[in-house]
Amino acid sequence: MDQDRRDAAAWAKEWYIRQRNRKVLIVLGVLASIAVIGYMINFAIVHVERTTFRSVEDMRKAMQGRYAIERDYEDIVIEGDEITLTYLAFSHYNRDYAERYGYSYDEKDSVYEDHIVKWDYRNGVIKTQWMGDLIVDKDGNIRRGDNYYGTFFKTDKPRPEPIDPSTLKTPEGSINADISAEEEEAFEEREESLESTEDAAEDAVIEGENDVQT
């Protein structure tokens, strides 16, 4: 009887170990499947939605030049490994806006400079010191992060010439001017983008000062 009990206990222990190992293998299999699916999704995103390159030099050469959101009077200029993001003073370039809402003599272009730290040619990403990741879409244009609505389109056109305020009929603006919902939304998006960029630039300066002190 004692032998039977020992045999039963040994069988029960072996059965428990087999069940436990089976559960571990199932969990590992599920995790491996999730990892494979995640890799496949990332691969699809990179190769369907982005432009990839054969090398760092190929990417650097292809991405030189000016990229603009013409309607918002914003552009990005890449020269070598340097990048400049500019928000042009709206009332200085958009004649219709200046006629309706007034020409702002005090307003200036907002210019931000950054350095490209990595040309991630395999994934179509330009990594910068503080502006964040710039994604190269399938058409060779640039997005800041995953902002599909803020695409900077590659262009050979130069920046627009600033308005001569003396040529405006109503440089002080029209008292009857009404802003449309679409225009208001566009202005708000631009302002949010500008504020976000200002914050990132200020944080980068503070971080740099702290690095020097330490």
# chains A, B, ... in the order shown; residues from 1 in each chain; ligands from 1

$ residues_around --residues "segment 78-86 of chain A" --least-positions-apart "4" --cutoff "6 Å" --atoms "only C-alpha atoms" --output "list of chain:residue names"
A:Gln64, A:Gly65, A:Glu74, A:Ser110, A:Val111, A:Tyr112, A:Glu113, A:Asp114, A:His115, A:Ile116

$ write_last_selection --atoms "all heavy atoms" --output "JSON list (two decimals), in the first residue's frame"
[["chain", "number", "residue", "atom", "x", "y", "z"],
["A", 64, "GLN", "N", 17.50, 66.62, -48.60],
["A", 64, "GLN", "CA", 17.92, 68.03, -48.57],
["A", 64, "GLN", "C", 16.86, 68.91, -49.23],
["A", 64, "GLN", "O", 16.15, 68.49, -50.14],
["A", 64, "GLN", "CB", 19.25, 68.19, -49.32],
["A", 64, "GLN", "CG", 20.41, 67.40, -48.74],
["A", 64, "GLN", "CD", 20.76, 67.79, -47.31],
["A", 64, "GLN", "OE1", 21.06, 68.95, -47.04],
["A", 64, "GLN", "NE2", 20.71, 66.84, -46.40],
["A", 65, "GLY", "N", 16.73, 70.15, -48.74],
["A", 65, "GLY", "CA", 15.82, 71.09, -49.39],
["A", 65, "GLY", "C", 14.72, 71.61, -48.48],
["A", 65, "GLY", "O", 14.78, 71.50, -47.26],
["A", 74, "GLU", "N", 4.32, 77.74, -42.95],
["A", 74, "GLU", "CA", 5.36, 77.08, -42.16],
["A", 74, "GLU", "C", 6.26, 76.32, -43.12],
["A", 74, "GLU", "O", 5.79, 75.79, -44.13],
["A", 74, "GLU", "CB", 4.76, 76.07, -41.18],
["A", 74, "GLU", "CG", 3.78, 76.63, -40.18],
["A", 74, "GLU", "CD", 3.11, 75.53, -39.36],
["A", 74, "GLU", "OE1", 3.74, 74.47, -39.15],
["A", 74, "GLU", "OE2", 1.95, 75.71, -38.96],
["A", 110, "SER", "N", 9.00, 83.21, -36.55],
["A", 110, "SER", "CA", 9.53, 82.39, -35.45],
["A", 110, "SER", "C", 10.42, 81.30, -36.06],
["A", 110, "SER", "O", 9.93, 80.44, -36.79],
["A", 110, "SER", "CB", 8.37, 81.75, -34.67],
["A", 110, "SER", "OG", 7.55, 82.75, -34.09],
["A", 111, "VAL", "N", 11.71, 81.38, -35.75],
["A", 111, "VAL", "CA", 12.69, 80.49, -36.39],
["A", 111, "VAL", "C", 13.33, 79.59, -35.33],
["A", 111, "VAL", "O", 13.80, 80.08, -34.29],
["A", 111, "VAL", "CB", 13.78, 81.31, -37.11],
["A", 111, "VAL", "CG1", 14.76, 80.38, -37.82],
["A", 111, "VAL", "CG2", 13.14, 82.27, -38.11],
["A", 112, "TYR", "N", 13.36, 78.28, -35.61],
["A", 112, "TYR", "CA", 13.93, 77.31, -34.67],
["A", 112, "TYR", "C", 14.93, 76.43, -35.42],
["A", 112, "TYR", "O", 14.63, 75.89, -36.49],
["A", 112, "TYR", "CB", 12.84, 76.44, -34.06],
["A", 112, "TYR", "CG", 11.80, 77.25, -33.30],
["A", 112, "TYR", "CD1", 10.65, 77.70, -33.94],
["A", 112, "TYR", "CD2", 11.99, 77.57, -31.97],
["A", 112, "TYR", "CE1", 9.71, 78.47, -33.26],
["A", 112, "TYR", "CE2", 11.06, 78.34, -31.28],
["A", 112, "TYR", "CZ", 9.92, 78.78, -31.94],
["A", 112, "TYR", "OH", 9.00, 79.55, -31.27],
["A", 113, "GLU", "N", 16.12, 76.29, -34.84],
["A", 113, "GLU", "CA", 17.17, 75.49, -35.46],
["A", 113, "GLU", "C", 17.46, 74.25, -34.63],
["A", 113, "GLU", "O", 17.41, 74.29, -33.40],
["A", 113, "GLU", "CB", 18.44, 76.33, -35.64],
["A", 113, "GLU", "CG", 18.26, 77.51, -36.58],
["A", 113, "GLU", "CD", 19.51, 78.35, -36.72],
["A", 113, "GLU", "OE1", 20.45, 78.14, -35.92],
["A", 113, "GLU", "OE2", 19.55, 79.20, -37.62],
["A", 114, "ASP", "N", 17.74, 73.16, -35.32],
["A", 114, "ASP", "CA", 18.01, 71.91, -34.64],
["A", 114, "ASP", "C", 19.06, 71.14, -35.44],
["A", 114, "ASP", "O", 19.39, 71.49, -36.57],
["A", 114, "ASP", "CB", 16.72, 71.09, -34.50],
["A", 114, "ASP", "CG", 16.80, 70.02, -33.41],
["A", 114, "ASP", "OD1", 17.89, 69.86, -32.82],
["A", 114, "ASP", "OD2", 15.80, 69.34, -33.17],
["A", 115, "HIS", "N", 19.55, 70.07, -34.82],
["A", 115, "HIS", "CA", 20.57, 69.23, -35.45],
["A", 115, "HIS", "C", 20.04, 67.80, -35.60],
["A", 115, "HIS", "O", 19.41, 67.27, -34.69],
["A", 115, "HIS", "CB", 21.84, 69.23, -34.59],
["A", 115, "HIS", "CG", 22.96, 68.40, -35.17],
["A", 115, "HIS", "ND1", 23.69, 68.80, -36.27],
["A", 115, "HIS", "CD2", 23.44, 67.18, -34.81],
["A", 115, "HIS", "CE1", 24.58, 67.87, -36.54],
["A", 115, "HIS", "NE2", 24.46, 66.89, -35.68],
["A", 116, "ILE", "N", 20.29, 67.21, -36.76],
["A", 116, "ILE", "CA", 19.88, 65.83, -37.01],
["A", 116, "ILE", "C", 20.93, 64.90, -36.42],
["A", 116, "ILE", "O", 22.11, 64.97, -36.77],
["A", 116, "ILE", "CB", 19.70, 65.58, -38.53],
["A", 116, "ILE", "CG1", 18.55, 66.44, -39.07],
["A", 116, "ILE", "CG2", 19.45, 64.09, -38.81],
["A", 116, "ILE", "CD1", 18.47, 66.50, -40.58]]

$ closest_atom_pairs --of "segment 135-214 of chain A" --to "segment 98-109 of chain A" --cutoff "12 Å" --atoms "only C-alpha atoms" --output "JSON lines"
{"residue": "A:Pro162", "atom": "CA", "partner": "A:Asp109", "partner_atom": "CA", "distance": 10.7}
{"residue": "A:Ile163", "atom": "CA", "partner": "A:Ala98", "partner_atom": "CA", "distance": 9.0}
{"residue": "A:Asp164", "atom": "CA", "partner": "A:Tyr103", "partner_atom": "CA", "distance": 9.9}
{"residue": "A:Pro165", "atom": "CA", "partner": "A:Tyr103", "partner_atom": "CA", "distance": 7.0}
{"residue": "A:Ser166", "atom": "CA", "partner": "A:Tyr103", "partner_atom": "CA", "distance": 10.2}
{"residue": "A:Thr167", "atom": "CA", "partner": "A:Glu99", "partner_atom": "CA", "distance": 10.1}
{"residue": "A:Leu168", "atom": "CA", "partner": "A:Glu99", "partner_atom": "CA", "distance": 6.5}
{"residue": "A:Lys169", "atom": "CA", "partner": "A:Glu99", "partner_atom": "CA", "distance": 6.7}
{"residue": "A:Thr170", "atom": "CA", "partner": "A:Glu99", "partner_atom": "CA", "distance": 5.2}
{"residue": "A:Pro171", "atom": "CA", "partner": "A:Gly102", "partner_atom": "CA", "distance": 5.1}
{"residue": "A:Glu172", "atom": "CA", "partner": "A:Gly102", "partner_atom": "CA", "distance": 4.4}
{"residue": "A:Gly173", "atom": "CA", "partner": "A:Gly102", "partner_atom": "CA", "distance": 3.7}
{"residue": "A:Ser174", "atom": "CA", "partner": "A:Arg100", "partner_atom": "CA", "distance": 4.9}
{"residue": "A:Ile175", "atom": "CA", "partner": "A:Arg100", "partner_atom": "CA", "distance": 8.0}
{"residue": "A:Asn176", "atom": "CA", "partner": "A:Arg100", "partner_atom": "CA", "distance": 8.1}
{"residue": "A:Ala177", "atom": "CA", "partner": "A:Arg100", "partner_atom": "CA", "distance": 5.5}
{"residue": "A:Asp178", "atom": "CA", "partner": "A:Arg100", "partner_atom": "CA", "distance": 8.2}
{"residue": "A:Ile179", "atom": "CA", "partner": "A:Tyr101", "partner_atom": "CA", "distance": 8.9}
{"residue": "A:Ser180", "atom": "CA", "partner": "A:Arg100", "partner_atom": "CA", "distance": 11.9}
{"residue": "A:Leu194", "atom": "CA", "partner": "A:Asp109", "partner_atom": "CA", "distance": 11.2}

$ write_last_selection --atoms "N, CA and C atoms" --output "PDB file, in the first residue's frame"
ATOM      1  N   PRO A 162       7.466  88.761 -48.581  1.00  0.00           N
ATOM      2  CA  PRO A 162       6.614  89.455 -47.605  1.00  0.00           C
ATOM      3  C   PRO A 162       5.840  90.601 -48.255  1.00  0.00           C
ATOM      4  N   ILE A 163       4.707  90.905 -47.670  1.00  0.00           N
ATOM      5  CA  ILE A 163       3.844  91.974 -48.185  1.00  0.00           C
ATOM      6  C   ILE A 163       4.445  93.342 -47.838  1.00  0.00           C
ATOM      7  N   ASP A 164       4.344  94.254 -48.767  1.00  0.00           N
ATOM      8  CA  ASP A 164       4.654  95.657 -48.474  1.00  0.00           C
ATOM      9  C   ASP A 164       3.377  96.258 -47.880  1.00  0.00           C
ATOM     10  N   PRO A 165       3.374  96.603 -46.579  1.00  0.00           N
ATOM     11  CA  PRO A 165       2.134  97.079 -45.945  1.00  0.00           C
ATOM     12  C   PRO A 165       1.547  98.322 -46.603  1.00  0.00           C
ATOM     13  N   SER A 166       2.383  99.076 -47.317  1.00  0.00           N
ATOM     14  CA  SER A 166       1.866 100.280 -47.968  1.00  0.00           C
ATOM     15  C   SER A 166       0.956  99.942 -49.148  1.00  0.00           C
ATOM     16  N   THR A 167       0.997  98.707 -49.605  1.00  0.00           N
ATOM     17  CA  THR A 167       0.148  98.304 -50.730  1.00  0.00           C
ATOM     18  C   THR A 167      -1.206  97.769 -50.263  1.00  0.00           C
ATOM     19  N   LEU A 168      -1.404  97.688 -48.957  1.00  0.00           N
ATOM     20  CA  LEU A 168      -2.667  97.183 -48.425  1.00  0.00           C
ATOM     21  C   LEU A 168      -3.727  98.281 -48.427  1.00  0.00           C
ATOM     22  N   LYS A 169      -4.946  97.903 -48.745  1.00  0.00           N
ATOM     23  CA  LYS A 169      -6.052  98.863 -48.725  1.00  0.00           C
ATOM     24  C   LYS A 169      -6.459  99.174 -47.294  1.00  0.00           C
ATOM     25  N   THR A 170      -6.465  98.133 -46.454  1.00  0.00           N
ATOM     26  CA  THR A 170      -6.849  98.323 -45.047  1.00  0.00           C
ATOM     27  C   THR A 170      -5.810  97.660 -44.143  1.00  0.00           C
ATOM     28  N   PRO A 171      -4.620  98.255 -43.998  1.00  0.00           N
ATOM     29  CA  PRO A 171      -3.578  97.640 -43.172  1.00  0.00           C
ATOM     30  C   PRO A 171      -3.976  97.496 -41.704  1.00  0.00           C
ATOM     31  N   GLU A 172      -4.969  98.289 -41.277  1.00  0.00           N
ATOM     32  CA  GLU A 172      -5.447  98.179 -39.889  1.00  0.00           C
ATOM     33  C   GLU A 172      -6.516  97.111 -39.747  1.00  0.00           C
ATOM     34  N   GLY A 173      -6.941  96.535 -40.868  1.00  0.00           N
ATOM     35  CA  GLY A 173      -7.968  95.491 -40.835  1.00  0.00           C
ATOM     36  C   GLY A 173      -9.360  96.060 -41.025  1.00  0.00           C
ATOM     37  N   SER A 174     -10.290  95.179 -41.346  1.00  0.00           N
ATOM     38  CA  SER A 174     -11.675  95.587 -41.567  1.00  0.00           C
ATOM     39  C   SER A 174     -12.502  95.324 -40.325  1.00  0.00           C
ATOM     40  N   ILE A 175     -13.273  96.304 -39.903  1.00  0.00           N
ATOM     41  CA  ILE A 175     -14.101  96.131 -38.698  1.00  0.00           C
ATOM     42  C   ILE A 175     -15.239  95.153 -38.957  1.00  0.00           C
ATOM     43  N   ASN A 176     -15.520  94.877 -40.225  1.00  0.00           N
ATOM     44  CA  ASN A 176     -16.604  93.950 -40.568  1.00  0.00           C
ATOM     45  C   ASN A 176     -16.107  92.530 -40.824  1.00  0.00           C
ATOM     46  N   ALA A 177     -14.804  92.311 -40.604  1.00  0.00           N
ATOM     47  CA  ALA A 177     -14.241  90.992 -40.911  1.00  0.00           C
ATOM     48  C   ALA A 177     -14.753  89.945 -39.940  1.00  0.00           C
ATOM     49  N   ASP A 178     -15.195  88.840 -40.495  1.00  0.00           N
ATOM     50  CA  ASP A 178     -15.660  87.707 -39.708  1.00  0.00           C
ATOM     51  C   ASP A 178     -14.751  86.525 -39.980  1.00  0.00           C
ATOM     52  N   ILE A 179     -14.302  85.837 -38.930  1.00  0.00           N
ATOM     53  CA  ILE A 179     -13.450  84.668 -39.114  1.00  0.00           C
ATOM     54  C   ILE A 179     -14.332  83.426 -39.227  1.00  0.00           C
ATOM     55  N   SER A 180     -14.064  82.606 -40.207  1.00  0.00           N
ATOM     56  CA  SER A 180     -14.859  81.394 -40.410  1.00  0.00           C
ATOM     57  C   SER A 180     -14.391  80.312 -39.437  1.00  0.00           C
ATOM     58  N   LEU A 194       2.967  75.937 -32.717  1.00  0.00           N
ATOM     59  CA  LEU A 194       3.990  76.920 -32.357  1.00  0.00           C
ATOM     60  C   LEU A 194       4.312  76.848 -30.870  1.00  0.00           C
TER      61      LEU A 194
END

$ select_by_dssp --residues "segment 55-101 of chain A" --states "alpha helix (DSSP H)" --output "PyMOL selection string"
chain A and resi 56-62+90-93+95-101

$ residues_around --residues "Asp156 of chain A" --least-positions-apart "5" --cutoff "10 Å" --atoms "only C-alpha atoms" --output "PyMOL selection string"
chain A and resi 65-68
